[in-house]
>>> print(open('model-v4.tsv').read())   # TSV, C-alpha atoms and all ligand atoms
chain	number	residue	atom	x	y	z
X	1	MET	CA	125.29	-2.29	-201.83
X	2	ASN	CA	124.57	-1.35	-198.23
X	3	SER	CA	124.58	2.21	-196.89
X	4	ALA	CA	127.92	2.02	-195.07
X	5	ASP	CA	129.82	0.80	-198.15
X	6	THR	CA	128.14	3.36	-200.38
X	7	VAL	CA	129.13	6.22	-198.07
X	8	LYS	CA	132.70	4.95	-197.90
X	9	ILE	CA	133.16	4.68	-201.67
X	10	ALA	CA	131.31	7.96	-202.30
X	11	ASP	CA	133.56	9.88	-199.95
X	12	GLN	CA	136.59	8.67	-201.88
X	13	ALA	CA	135.16	9.36	-205.33
X	14	ILE	CA	132.88	12.39	-205.13
X	15	ALA	CA	134.11	15.95	-204.67
X	16	ALA	CA	133.42	16.98	-201.10
X	17	THR	CA	131.49	20.16	-202.00
X	18	TYR	CA	128.50	19.03	-199.95
X	19	LYS	CA	128.61	18.21	-196.28
X	20	ARG	CA	126.47	15.09	-196.48
X	21	PHE	CA	124.59	13.16	-193.85
X	22	PRO	CA	125.74	9.53	-193.87
X	23	VAL	CA	122.39	8.37	-195.23
X	24	VAL	CA	121.74	6.72	-198.58
X	25	PHE	CA	118.36	6.80	-200.27
X	26	SER	CA	117.36	4.23	-202.80
X	27	LYS	CA	113.60	4.53	-203.09
X	28	GLY	CA	110.81	7.02	-202.58
X	29	ARG	CA	107.04	7.35	-202.78
X	30	GLY	CA	105.00	10.42	-201.96
X	31	ALA	CA	106.70	12.13	-199.02
X	32	THR	CA	108.52	8.97	-197.89
X	33	LEU	CA	112.09	7.95	-198.62
X	34	TRP	CA	113.76	4.62	-197.84
X	35	ASN	CA	117.39	3.61	-197.42
X	36	PRO	CA	118.65	0.30	-198.79
X	37	GLU	CA	118.14	-1.30	-195.34
X	38	GLY	CA	114.44	-0.43	-195.55
X	39	ASP	CA	114.28	2.35	-192.93
X	40	ALA	CA	111.65	4.96	-193.80
X	41	PHE	CA	112.02	8.74	-193.53
X	42	THR	CA	109.35	11.41	-193.97
X	43	ASP	CA	110.75	14.06	-196.25
X	44	PHE	CA	110.31	17.75	-195.35
X	45	VAL	CA	113.19	18.74	-197.63
X	46	ALA	CA	111.93	17.39	-200.97
X	47	GLY	CA	115.36	17.71	-202.57
X	48	ILE	CA	115.32	21.36	-201.41
X	49	ALA	CA	111.92	22.46	-202.71
X	50	VAL	CA	112.20	20.34	-205.85
X	51	CYS	CA	109.93	17.29	-205.55
X	52	ASN	CA	106.67	19.18	-205.10
X	53	LEU	CA	104.56	16.23	-206.25
X	54	GLY	CA	106.46	13.79	-204.08
X	55	HIS	CA	108.83	11.02	-205.04
X	56	ALA	CA	108.37	8.51	-207.85
X	57	HIS	CA	105.03	9.92	-208.98
X	58	PRO	CA	103.57	7.17	-211.18
X	59	ARG	CA	102.23	9.57	-213.80
X	60	ILE	CA	105.59	11.33	-214.18
X	61	ALA	CA	107.35	7.97	-214.34
X	62	ARG	CA	104.98	6.91	-217.14
X	63	ALA	CA	105.33	10.17	-219.09
X	64	VAL	CA	109.11	9.93	-218.91
X	65	ALA	CA	109.13	6.27	-219.97
X	66	GLN	CA	106.85	7.00	-222.93
X	67	GLN	CA	108.93	9.97	-224.05
X	68	ALA	CA	112.14	7.96	-223.65
X	69	GLU	CA	110.78	5.39	-226.07
X	70	GLN	CA	110.04	8.11	-228.62
X	71	LEU	CA	112.88	10.63	-228.44
X	72	LEU	CA	115.31	11.84	-225.79
X	73	HIS	CA	116.99	14.76	-227.44
X	74	VAL	CA	117.11	16.90	-230.53
X	75	SER	CA	118.92	20.16	-230.93
X	76	ASN	CA	117.15	23.48	-230.58
X	77	LEU	CA	117.90	23.82	-234.28
X	78	TYR	CA	114.55	21.99	-234.53
X	79	TYR	CA	111.16	22.07	-232.82
X	80	SER	CA	109.72	19.49	-230.47
X	81	LEU	CA	106.22	19.05	-229.10
X	82	PRO	CA	106.91	18.76	-225.33
X	83	GLN	CA	109.05	21.91	-225.31
X	84	THR	CA	106.39	23.77	-227.26
X	85	GLN	CA	103.58	22.66	-224.95
X	86	LEU	CA	105.52	23.46	-221.80
X	87	ALA	CA	106.44	26.94	-223.04
X	88	ALA	CA	102.84	27.59	-224.03
X	89	TRP	CA	101.68	26.48	-220.57
X	90	LEU	CA	104.14	28.79	-218.82
X	91	VAL	CA	103.18	31.74	-220.99
X	92	ARG	CA	99.48	31.05	-220.44
X	93	ASN	CA	99.91	30.88	-216.68
X	94	SER	CA	102.29	33.79	-216.05
X	95	PHE	CA	102.92	37.42	-216.93
X	96	ALA	CA	105.51	36.36	-219.50
X	97	ASP	CA	105.43	36.16	-223.30
X	98	ARG	CA	108.58	34.11	-223.98
X	99	VAL	CA	110.47	31.29	-222.32
X	100	PHE	CA	114.13	30.35	-222.59
X	101	PHE	CA	114.83	26.83	-221.31
X	102	CYS	CA	118.05	25.78	-219.63
X	103	ASN	CA	119.16	23.23	-217.06
X	104	SER	CA	119.35	24.80	-213.61
X	105	GLY	CA	118.52	27.78	-211.47
X	106	ALA	CA	121.98	29.29	-211.81
X	107	GLU	CA	121.75	29.00	-215.58
X	108	ALA	CA	118.33	30.62	-215.62
X	109	ASN	CA	119.81	33.52	-213.67
X	110	GLU	CA	122.78	33.67	-216.04
X	111	ALA	CA	120.30	34.02	-218.87
X	112	ALA	CA	118.43	36.77	-217.01
X	113	ILE	CA	121.64	38.70	-216.30
X	114	LYS	CA	122.73	38.44	-219.94
X	115	LEU	CA	119.30	39.48	-221.15
X	116	CYS	CA	119.29	42.61	-218.95
X	117	ARG	CA	122.64	43.70	-220.35
X	118	LYS	CA	121.64	42.91	-223.92
X	119	TYR	CA	118.37	44.79	-223.59
X	120	PHE	CA	120.10	48.06	-222.79
X	121	TYR	CA	122.92	47.39	-225.25
X	122	ASP	CA	120.32	47.05	-228.01
X	123	GLN	CA	118.93	50.44	-227.06
X	124	GLY	CA	122.35	52.03	-227.38
X	125	HIS	CA	122.95	52.14	-223.61
X	126	ALA	CA	125.78	49.66	-223.25
X	127	ALA	CA	127.03	51.52	-220.15
X	128	ARG	CA	123.77	50.75	-218.39
X	129	PHE	CA	124.77	47.31	-217.17
X	130	LYS	CA	124.64	47.36	-213.39
X	131	ILE	CA	122.34	45.02	-211.52
X	132	ILE	CA	121.30	45.69	-207.97
X	133	THR	CA	120.60	42.61	-205.88
X	134	MET	CA	119.92	42.02	-202.20
X	135	GLU	CA	122.10	41.25	-199.24
X	136	GLN	CA	121.52	37.65	-198.07
X	137	SER	CA	120.25	36.72	-201.53
X	138	PHE	CA	121.07	33.46	-203.27
X	139	HIS	CA	121.16	33.16	-207.04
X	140	GLY	CA	123.36	30.13	-207.66
X	141	ARG	CA	126.99	29.09	-207.98
X	142	THR	CA	128.08	29.77	-211.54
X	143	MET	CA	130.33	32.79	-211.89
X	144	ALA	CA	127.66	35.36	-212.75
X	145	ALA	CA	125.04	33.91	-210.41
X	146	LEU	CA	127.61	33.87	-207.64
X	147	SER	CA	128.56	37.47	-208.39
X	148	ALA	CA	124.87	38.37	-208.03
X	149	THR	CA	124.60	36.58	-204.70
X	150	GLY	CA	124.66	38.78	-201.59
X	151	GLN	CA	126.52	36.40	-199.28
X	152	ASP	CA	130.28	36.78	-198.82
X	153	LYS	CA	130.79	33.21	-197.63
X	154	ILE	CA	129.65	31.92	-201.03
X	155	LYS	CA	132.06	34.17	-202.94
X	156	LYS	CA	135.11	33.63	-200.76
X	157	GLY	CA	138.10	32.38	-202.74
X	158	PHE	CA	136.67	33.12	-206.18
X	159	ASP	CA	137.75	36.70	-206.74
X	160	PRO	CA	137.67	38.53	-209.01
X	161	VAL	CA	133.93	38.05	-209.30
X	162	LEU	CA	132.02	39.57	-212.20
X	163	ASP	CA	131.84	43.34	-212.36
X	164	GLY	CA	128.56	45.23	-212.25
X	165	PHE	CA	126.69	44.00	-209.19
X	166	GLU	CA	125.65	46.20	-206.30
X	167	PHE	CA	123.93	45.20	-203.10
X	168	VAL	CA	121.32	46.71	-200.82
X	169	PRO	CA	119.56	45.30	-197.75
X	170	PHE	CA	116.37	43.37	-198.55
X	171	ASN	CA	113.20	45.18	-197.49
X	172	ASP	CA	114.86	48.61	-197.44
X	173	ILE	CA	113.30	50.77	-200.16
X	174	LYS	CA	115.29	53.86	-199.09
X	175	ALA	CA	118.57	52.02	-199.65
X	176	LEU	CA	117.40	50.95	-203.11
X	177	GLU	CA	116.31	54.49	-203.97
X	178	ALA	CA	119.74	55.74	-203.00
X	179	LYS	CA	121.56	53.10	-205.03
X	180	ILE	CA	119.54	53.06	-208.24
X	181	GLY	CA	121.09	55.29	-210.90
X	182	PRO	CA	121.42	55.95	-214.64
X	183	ASP	CA	123.73	52.94	-215.04
X	184	THR	CA	121.33	50.54	-213.28
X	185	ALA	CA	119.93	47.99	-215.73
X	186	ALA	CA	117.94	45.88	-213.33
X	187	VAL	CA	116.93	45.09	-209.80
X	188	MET	CA	117.07	41.35	-209.22
X	189	LEU	CA	115.59	39.69	-206.16
X	190	GLU	CA	113.83	36.69	-204.70
X	191	PRO	CA	110.28	37.74	-203.73
X	192	ILE	CA	110.82	35.66	-200.58
X	193	GLN	CA	114.45	34.93	-199.75
X	194	GLY	CA	114.97	31.18	-199.50
X	195	GLU	CA	118.56	30.27	-198.63
X	196	GLY	CA	119.00	33.64	-196.92
X	197	GLY	CA	116.63	32.51	-194.16
X	198	VAL	CA	113.03	32.26	-195.49
X	199	ARG	CA	112.73	36.04	-195.27
X	200	CYS	CA	109.44	37.57	-196.42
X	201	PRO	CA	109.18	41.14	-197.71
X	202	SER	CA	107.22	43.67	-195.70
X	203	PRO	CA	103.75	44.24	-197.17
X	204	ASP	CA	104.41	47.12	-199.59
X	205	TYR	CA	108.07	46.56	-200.34
X	206	LEU	CA	107.83	44.74	-203.69
X	207	GLU	CA	105.24	47.17	-204.98
X	208	ALA	CA	107.55	50.03	-204.06
X	209	VAL	CA	110.42	48.31	-205.89
X	210	ARG	CA	108.18	47.91	-208.93
X	211	ASN	CA	107.22	51.60	-208.85
X	212	LEU	CA	110.84	52.64	-208.54
X	213	CYS	CA	111.74	50.44	-211.53
X	214	ASN	CA	108.90	51.94	-213.55
X	215	GLU	CA	109.96	55.50	-212.75
X	216	THR	CA	113.56	54.85	-213.74
X	217	GLY	CA	113.03	52.46	-216.67
X	218	THR	CA	114.87	49.74	-214.77
X	219	LEU	CA	114.08	46.07	-215.33
X	220	MET	CA	112.69	44.04	-212.44
X	221	VAL	CA	113.87	40.45	-212.23
X	222	PHE	CA	112.33	37.92	-209.86
X	223	ASP	CA	114.36	34.85	-209.02
X	224	GLU	CA	111.53	32.38	-208.37
X	225	VAL	CA	113.79	29.35	-208.61
X	226	GLN	CA	112.74	28.37	-205.08
X	227	THR	CA	109.43	30.22	-204.64
X	228	GLY	CA	107.89	29.26	-208.00
X	229	MET	CA	105.63	26.36	-208.99
X	230	GLY	CA	103.23	26.55	-206.06
X	231	ARG	CA	105.76	26.49	-203.24
X	232	THR	CA	104.38	29.60	-201.50
X	233	GLY	CA	100.68	28.86	-202.00
X	234	LYS	CA	100.37	30.58	-205.39
X	235	LEU	CA	101.74	29.27	-208.67
X	236	PHE	CA	104.30	32.10	-208.56
X	237	ALA	CA	105.15	34.10	-205.44
X	238	TYR	CA	104.77	37.42	-207.26
X	239	GLU	CA	101.01	36.77	-207.31
X	240	HIS	CA	100.91	37.45	-203.55
X	241	PHE	CA	102.27	40.94	-203.91
X	242	ASN	CA	100.29	42.72	-206.61
X	243	VAL	CA	103.35	43.10	-208.84
X	244	THR	CA	104.66	41.47	-211.98
X	245	PRO	CA	108.33	41.43	-212.91
X	246	ASP	CA	109.80	41.89	-216.40
X	247	ILE	CA	111.86	38.72	-216.11
X	248	MET	CA	111.41	35.66	-213.91
X	249	THR	CA	113.60	32.62	-213.41
X	250	LEU	CA	112.41	29.14	-212.49
X	251	ALA	CA	114.06	25.81	-211.87
X	252	LYS	CA	113.80	23.68	-208.74
X	253	ALA	CA	110.24	22.29	-208.80
X	254	LEU	CA	109.53	22.79	-212.49
X	255	GLY	CA	110.62	19.24	-213.33
X	256	ASN	CA	109.88	17.66	-209.92
X	257	GLY	CA	113.45	16.33	-210.01
X	258	PHE	CA	114.23	16.43	-213.70
X	259	PRO	CA	116.92	19.09	-214.15
X	260	ILE	CA	115.32	22.02	-215.90
X	261	GLY	CA	115.56	25.78	-215.62
X	262	ALA	CA	113.63	28.48	-217.38
X	263	MET	CA	113.87	32.20	-217.88
X	264	LEU	CA	110.60	33.94	-218.67
X	265	ALA	CA	110.30	37.48	-219.97
X	266	ARG	CA	107.93	40.03	-221.36
X	267	GLU	CA	108.07	40.35	-225.13
X	268	LYS	CA	109.75	43.77	-225.31
X	269	VAL	CA	112.63	42.48	-223.19
X	270	ALA	CA	112.74	38.97	-224.70
X	271	ASP	CA	113.15	40.50	-228.16
X	272	SER	CA	116.78	41.17	-227.22
X	273	PHE	CA	117.43	37.44	-227.20
X	274	GLY	CA	117.45	36.98	-230.97
X	275	ALA	CA	119.07	34.15	-232.94
X	276	GLY	CA	122.57	33.46	-231.66
X	277	ALA	CA	122.31	35.68	-228.58
X	278	HIS	CA	122.22	32.81	-226.08
X	279	ALA	CA	122.07	29.03	-226.20
X	280	THR	CA	122.48	25.75	-224.37
X	281	THR	CA	122.60	22.26	-225.88
X	282	PHE	CA	120.19	20.55	-223.50
X	283	GLY	CA	117.80	23.45	-222.88
X	284	GLY	CA	114.21	22.27	-223.16
X	285	THR	CA	115.18	18.88	-224.55
X	286	PRO	CA	112.20	16.53	-225.16
X	287	ILE	CA	112.75	14.13	-222.26
X	288	VAL	CA	113.00	16.87	-219.64
X	289	THR	CA	110.18	19.01	-220.98
X	290	ALA	CA	107.94	15.93	-221.23
X	291	ALA	CA	108.55	15.40	-217.51
X	292	ALA	CA	107.88	19.06	-216.67
X	293	LEU	CA	104.79	19.12	-218.88
X	294	GLU	CA	103.36	16.17	-216.96
X	295	VAL	CA	104.28	17.97	-213.70
X	296	VAL	CA	102.30	21.09	-214.60
X	297	THR	CA	99.42	19.02	-215.96
X	298	ILE	CA	99.15	17.10	-212.68
X	299	MET	CA	99.43	20.34	-210.70
X	300	GLU	CA	96.50	21.77	-212.63
X	301	GLN	CA	94.32	18.64	-212.64
X	302	ASP	CA	94.85	17.82	-208.98
X	303	GLY	CA	94.62	21.39	-207.68
X	304	ILE	CA	98.07	21.04	-206.13
X	305	VAL	CA	98.66	24.76	-205.61
X	306	GLU	CA	95.40	25.20	-203.69
X	307	LYS	CA	95.99	22.03	-201.65
X	308	GLY	CA	99.52	23.14	-200.84
X	309	ARG	CA	98.25	26.55	-199.76
X	310	ALA	CA	95.73	24.98	-197.34
X	311	THR	CA	98.34	22.55	-196.02
X	312	GLY	CA	100.75	25.45	-195.55
X	313	ILE	CA	98.23	27.27	-193.37
X	314	TYR	CA	97.76	24.15	-191.27
X	315	PHE	CA	101.50	23.48	-190.99
X	316	ARG	CA	102.19	27.08	-190.00
X	317	SER	CA	99.57	26.98	-187.25
X	318	ARG	CA	101.14	23.80	-185.85
X	319	LEU	CA	104.59	25.43	-185.88
X	320	GLU	CA	103.17	28.49	-184.13
X	321	GLU	CA	101.77	26.21	-181.41
X	322	LEU	CA	105.28	24.88	-180.94
X	323	ALA	CA	106.66	28.42	-180.80
X	324	ASP	CA	104.19	29.26	-178.02
X	325	LYS	CA	105.46	26.31	-176.00
X	326	HIS	CA	109.21	26.54	-176.51
X	327	ALA	CA	111.34	29.56	-175.65
X	328	MET	CA	114.02	28.34	-178.03
X	329	ILE	CA	111.81	29.25	-181.01
X	330	GLU	CA	112.07	32.95	-181.83
X	331	ASP	CA	109.68	33.10	-184.76
X	332	VAL	CA	107.83	31.21	-187.48
X	333	ARG	CA	108.16	32.65	-190.97
X	334	GLY	CA	107.38	32.03	-194.61
X	335	LYS	CA	104.42	31.48	-196.88
X	336	GLY	CA	102.64	28.41	-198.16
X	337	LEU	CA	104.94	25.44	-197.79
X	338	LEU	CA	108.11	27.51	-197.69
X	339	LEU	CA	108.31	27.74	-193.92
X	340	GLY	CA	111.05	28.54	-191.48
X	341	MET	CA	111.51	28.60	-187.73
X	342	ARG	CA	114.24	30.75	-186.21
X	343	LEU	CA	115.89	29.38	-183.09
X	344	ASN	CA	118.02	31.04	-180.48
X	345	GLY	CA	120.34	28.06	-180.61
X	346	ASP	CA	121.92	25.45	-182.86
X	347	GLY	CA	119.61	24.17	-185.58
X	348	ASP	CA	121.93	21.47	-186.89
X	349	ALA	CA	121.55	19.43	-183.69
X	350	ILE	CA	117.78	19.41	-184.20
X	351	VAL	CA	118.11	18.33	-187.81
X	352	LYS	CA	120.24	15.40	-186.63
X	353	ALA	CA	117.81	14.47	-183.85
X	354	CYS	CA	114.89	14.54	-186.32
X	355	MET	CA	116.79	12.31	-188.70
X	356	ASP	CA	117.36	9.77	-185.95
X	357	LYS	CA	113.58	9.68	-185.55
X	358	GLY	CA	112.93	9.32	-189.28
X	359	PHE	CA	112.23	12.92	-190.35
X	360	LEU	CA	114.23	14.94	-192.84
X	361	ILE	CA	114.34	18.68	-192.23
X	362	ASN	CA	116.88	21.29	-193.20
X	363	CYS	CA	118.74	24.07	-191.41
X	364	ILE	CA	119.94	27.28	-193.05
X	365	GLN	CA	122.14	30.08	-191.74
X	366	GLY	CA	122.93	27.94	-188.67
X	367	ASN	CA	119.78	28.65	-186.69
X	368	ILE	CA	116.80	28.63	-189.04
X	369	LEU	CA	114.97	25.36	-189.60
X	370	ARG	CA	113.49	25.24	-193.08
X	371	PHE	CA	110.49	23.10	-194.01
X	372	VAL	CA	109.88	22.61	-197.73
X	373	PRO	CA	108.00	19.31	-197.97
X	374	PRO	CA	106.30	18.02	-201.11
X	375	LEU	CA	103.09	20.02	-201.65
X	376	ILE	CA	101.21	16.72	-201.33
X	377	ILE	CA	102.33	16.24	-197.70
X	378	LYS	CA	99.51	15.01	-195.45
X	379	GLU	CA	98.34	16.63	-192.21
X	380	LYS	CA	99.09	13.37	-190.41
X	381	GLU	CA	102.71	13.54	-191.59
X	382	ILE	CA	102.92	17.13	-190.36
X	383	ASP	CA	101.42	16.13	-187.00
X	384	ASP	CA	104.02	13.39	-186.62
X	385	LEU	CA	106.86	15.83	-187.32
X	386	VAL	CA	105.44	18.37	-184.87
X	387	THR	CA	105.22	15.69	-182.15
X	388	CYS	CA	108.82	14.72	-182.88
X	389	LEU	CA	110.02	18.36	-182.73
X	390	ASP	CA	108.08	18.92	-179.53
X	391	GLY	CA	109.87	15.99	-177.90
X	392	ILE	CA	113.31	17.10	-179.10
X	393	LEU	CA	112.80	20.70	-177.96
X	394	LYS	CA	111.58	19.55	-174.54
X	395	GLN	CA	114.71	17.46	-174.14
X	396	ILE	CA	117.27	20.10	-175.06
X	397	SER	CA	115.73	23.07	-173.24
X	401	LIG	C1	118.50	26.94	-205.57
X	401	LIG	C2	118.45	28.34	-206.01
X	401	LIG	C3	119.22	28.79	-207.10
X	401	LIG	C4	120.24	27.93	-207.79
X	401	LIG	O1	119.67	26.89	-208.48
X	401	LIG	P1	120.60	25.69	-209.03
X	401	LIG	O2	119.66	24.82	-209.80
X	401	LIG	O3	121.20	25.02	-207.84
X	401	LIG	O4	121.65	26.31	-209.88
X	401	LIG	C5	119.05	30.10	-207.52
X	401	LIG	N1	118.18	30.92	-206.90
X	401	LIG	C6	117.44	30.52	-205.86
X	401	LIG	C7	116.48	31.47	-205.24
X	401	LIG	C8	117.55	29.22	-205.37
X	401	LIG	O5	116.84	28.84	-204.31
>>> encode(input="model-v4.tsv", output="structure tokens")
Amino acid sequence: MNSADTVKIADQAIAATYKRFPVVFSKGRGATLWNPEGDAFTDFVAGIAVCNLGHAHPRIARAVAQQAEQLLHVSNLYYSLPQTQLAAWLVRNSFADRVFFCNSGAEANEAAIKLCRKYFYDQGHAARFKIITMEQSFHGRTMAALSATGQDKIKKGFDPVLDGFEFVPFNDIKALEAKIGPDTAAVMLEPIQGEGGVRCPSPDYLEAVRNLCNETGTLMVFDEVQTGMGRTGKLFAYEHFNVTPDIMTLAKALGNGFPIGAMLAREKVADSFGAGAHATTFGGTPIVTAAALEVVTIMEQDGIVEKGRATGIYFRSRLEELADKHAMIEDVRGKGLLLGMRLNGDGDAIVKACMDKGFLINCIQGNILRFVPPLIIKEKEIDDLVTCLDGILKQIS
């Protein structure tokens, strides 16, 4: 079916929750996507920070095919090898001692929120259930994740949201100090805010949050759904900041496109998730964990995190050159290959103009261009995008 017919039928059959571009993709390889007509696009969105190893990676395709021939699913009433190996890998490579697998970022955050409450309940402090999160944060769209999210536009129309969430401005330790109290169970935050505008913390902020949590016995939860798995130039973003959380959530890039989420925790906290405390049918099912296990194996063998970090430095320097040339660019922000560029004008028009020239980029909050390409993106591909942006910015200024 051609693109025009697909768009027409889709718009009649699919809920309109996404404002979609009228583009259909049917094939991908590396950082390139093709529509059914054969037009190529270079992908600086990567399914929103998901396809870190690029599209249709042959090794992932093979691992999935092999697993599919063996076993797709068994219940978590039983053990399976891929789930075991993936959990062991995550424990080996992070601060955490235990992993709970689920199917998305929102679900991983649901698990984290439930675990925080259960942890204090088990200690006889059931009234200590409040979770402080950040203004402009994004934690997902399920009811609890949405309640934790610090953006009114995402909550509008869904009241009453879940009780027990309080909000402070990101990067404001004084505000957190003032808010944290005897009924605070946890502080939950993205180490670098993604959807909120690629906002980095000031140098000592996260360490100060950690200290405050230590002093008050409060749990620290990092939502690394977007920042995790090498996106920021380290395997996990917390490694940049000299802090470790008590709980961390992952999803987006963990399966390179296979839907998987994970909640990781230190043992003393994870102990509160005993038999029957939480569950999901598909969590960590063999087919998905086989995919994710191949993803992390490739990342390790091919030095993807280090390569992505170097590419991120290069990309950032090219964006800063653009910022020097164009008054419309107010700043360049981010870390690794989670990069943003704030404009003093409409970002959506630039996204559209890039698409017409065969480049996919993304705009958040109306005026911030976000670049989250596969970590395997080549300097040449970055150069081509920068040339394209340069031309577009010249034209509209
Ligand atoms: C995308 C995202 C989520 C939600 O993940 P889903 O898989 O869409 O539920 C949660 N937190 C952060 C930081 C995200 O970027």
>>> atom_distance(input="model-v4.tsv", atom1="CA of Arg98 in chain X", atom2="CA of His278 in chain X")
13.9 Å
>>> closest_residue(input="model-v4.tsv", among="X:Lys153, X:Arg342, X:Arg62, X:His139", to="ligand LIG 401 (chain X)", atoms="all atoms listed in the file")
X:His139
>>> residues_around(input="model-v4.tsv", residues="range 231-237 of chain X", least_positions_apart="6", cutoff="6 Å", atoms="only C-alpha atoms", output="ChimeraX atom specification")
/X:305,308-309,335-338
>>> residues_near_ligand(input="model-v4.tsv", ligand="ligand LIG 401 (chain X)", cutoff="9 Å", atoms="all atoms listed in the file", output="mmCIF file with C-alpha atoms, in the coordinates of the input")
data_model
loop_
_atom_site.group_PDB
_atom_site.id
_atom_site.type_symbol
_atom_site.label_atom_id
_atom_site.label_comp_id
_atom_site.auth_asym_id
_atom_site.auth_seq_id
_atom_site.Cartn_x
_atom_site.Cartn_y
_atom_site.Cartn_z
ATOM 1 C CA ILE X 48 115.320 21.360 -201.410
ATOM 2 C CA ALA X 49 111.920 22.460 -202.710
ATOM 3 C CA ASN X 103 119.160 23.230 -217.060
ATOM 4 C CA SER X 104 119.350 24.800 -213.610
ATOM 5 C CA GLY X 105 118.520 27.780 -211.470
ATOM 6 C CA ALA X 106 121.980 29.290 -211.810
ATOM 7 C CA GLU X 107 121.750 29.000 -215.580
ATOM 8 C CA ALA X 108 118.330 30.620 -215.620
ATOM 9 C CA ASN X 109 119.810 33.520 -213.670
ATOM 10 C CA SER X 137 120.250 36.720 -201.530
ATOM 11 C CA PHE X 138 121.070 33.460 -203.270
ATOM 12 C CA HIS X 139 121.160 33.160 -207.040
ATOM 13 C CA GLY X 140 123.360 30.130 -207.660
ATOM 14 C CA ARG X 141 126.990 29.090 -207.980
ATOM 15 C CA THR X 142 128.080 29.770 -211.540
ATOM 16 C CA ALA X 145 125.040 33.910 -210.410
ATOM 17 C CA THR X 149 124.600 36.580 -204.700
ATOM 18 C CA LEU X 189 115.590 39.690 -206.160
ATOM 19 C CA GLU X 190 113.830 36.690 -204.700
ATOM 20 C CA PRO X 191 110.280 37.740 -203.730
ATOM 21 C CA ILE X 192 110.820 35.660 -200.580
ATOM 22 C CA GLN X 193 114.450 34.930 -199.750
ATOM 23 C CA GLY X 194 114.970 31.180 -199.500
ATOM 24 C CA GLU X 195 118.560 30.270 -198.630
ATOM 25 C CA GLY X 196 119.000 33.640 -196.920
ATOM 26 C CA PHE X 222 112.330 37.920 -209.860
ATOM 27 C CA ASP X 223 114.360 34.850 -209.020
ATOM 28 C CA GLU X 224 111.530 32.380 -208.370
ATOM 29 C CA VAL X 225 113.790 29.350 -208.610
ATOM 30 C CA GLN X 226 112.740 28.370 -205.080
ATOM 31 C CA THR X 227 109.430 30.220 -204.640
ATOM 32 C CA THR X 249 113.600 32.620 -213.410
ATOM 33 C CA LEU X 250 112.410 29.140 -212.490
ATOM 34 C CA ALA X 251 114.060 25.810 -211.870
ATOM 35 C CA LYS X 252 113.800 23.680 -208.740
ATOM 36 C CA PRO X 259 116.920 19.090 -214.150
ATOM 37 C CA ILE X 260 115.320 22.020 -215.900
ATOM 38 C CA GLY X 261 115.560 25.780 -215.620
#
>>> closest_residue(input="model-v4.tsv", among="X:Gly283, X:Gly358, X:Gly334, X:Gly217", to="Arg370 in chain X", atoms="all atoms listed in the file")
X:Gly334
>>> residues_around(input="model-v4.tsv", residues="Tyr205 in chain X", least_positions_apart="3", cutoff="7 Å", atoms="only C-alpha atoms", output="mmCIF file with C-alpha atoms, in the coordinates of the input")
data_model
loop_
_atom_site.group_PDB
_atom_site.id
_atom_site.type_symbol
_atom_site.label_atom_id
_atom_site.label_comp_id
_atom_site.auth_asym_id
_atom_site.auth_seq_id
_atom_site.Cartn_x
_atom_site.Cartn_y
_atom_site.Cartn_z
ATOM 1 C CA ASN X 171 113.200 45.180 -197.490
ATOM 2 C CA ILE X 173 113.300 50.770 -200.160
ATOM 3 C CA PRO X 201 109.180 41.140 -197.710
ATOM 4 C CA SER X 202 107.220 43.670 -195.700
ATOM 5 C CA ALA X 208 107.550 50.030 -204.060
ATOM 6 C CA VAL X 209 110.420 48.310 -205.890
#
>>> closest_residue(input="model-v4.tsv", among="X:Val243, X:Val372, X:Ala323, X:Met1", to="Leu53 in chain X", atoms="all atoms listed in the file")
X:Val372
>>> closest_residue(input="model-v4.tsv", among="X:Asn344, X:Thr133, X:Gln151, X:Thr17", to="Gly164 in chain X", atoms="all atoms listed in the file")
X:Thr133
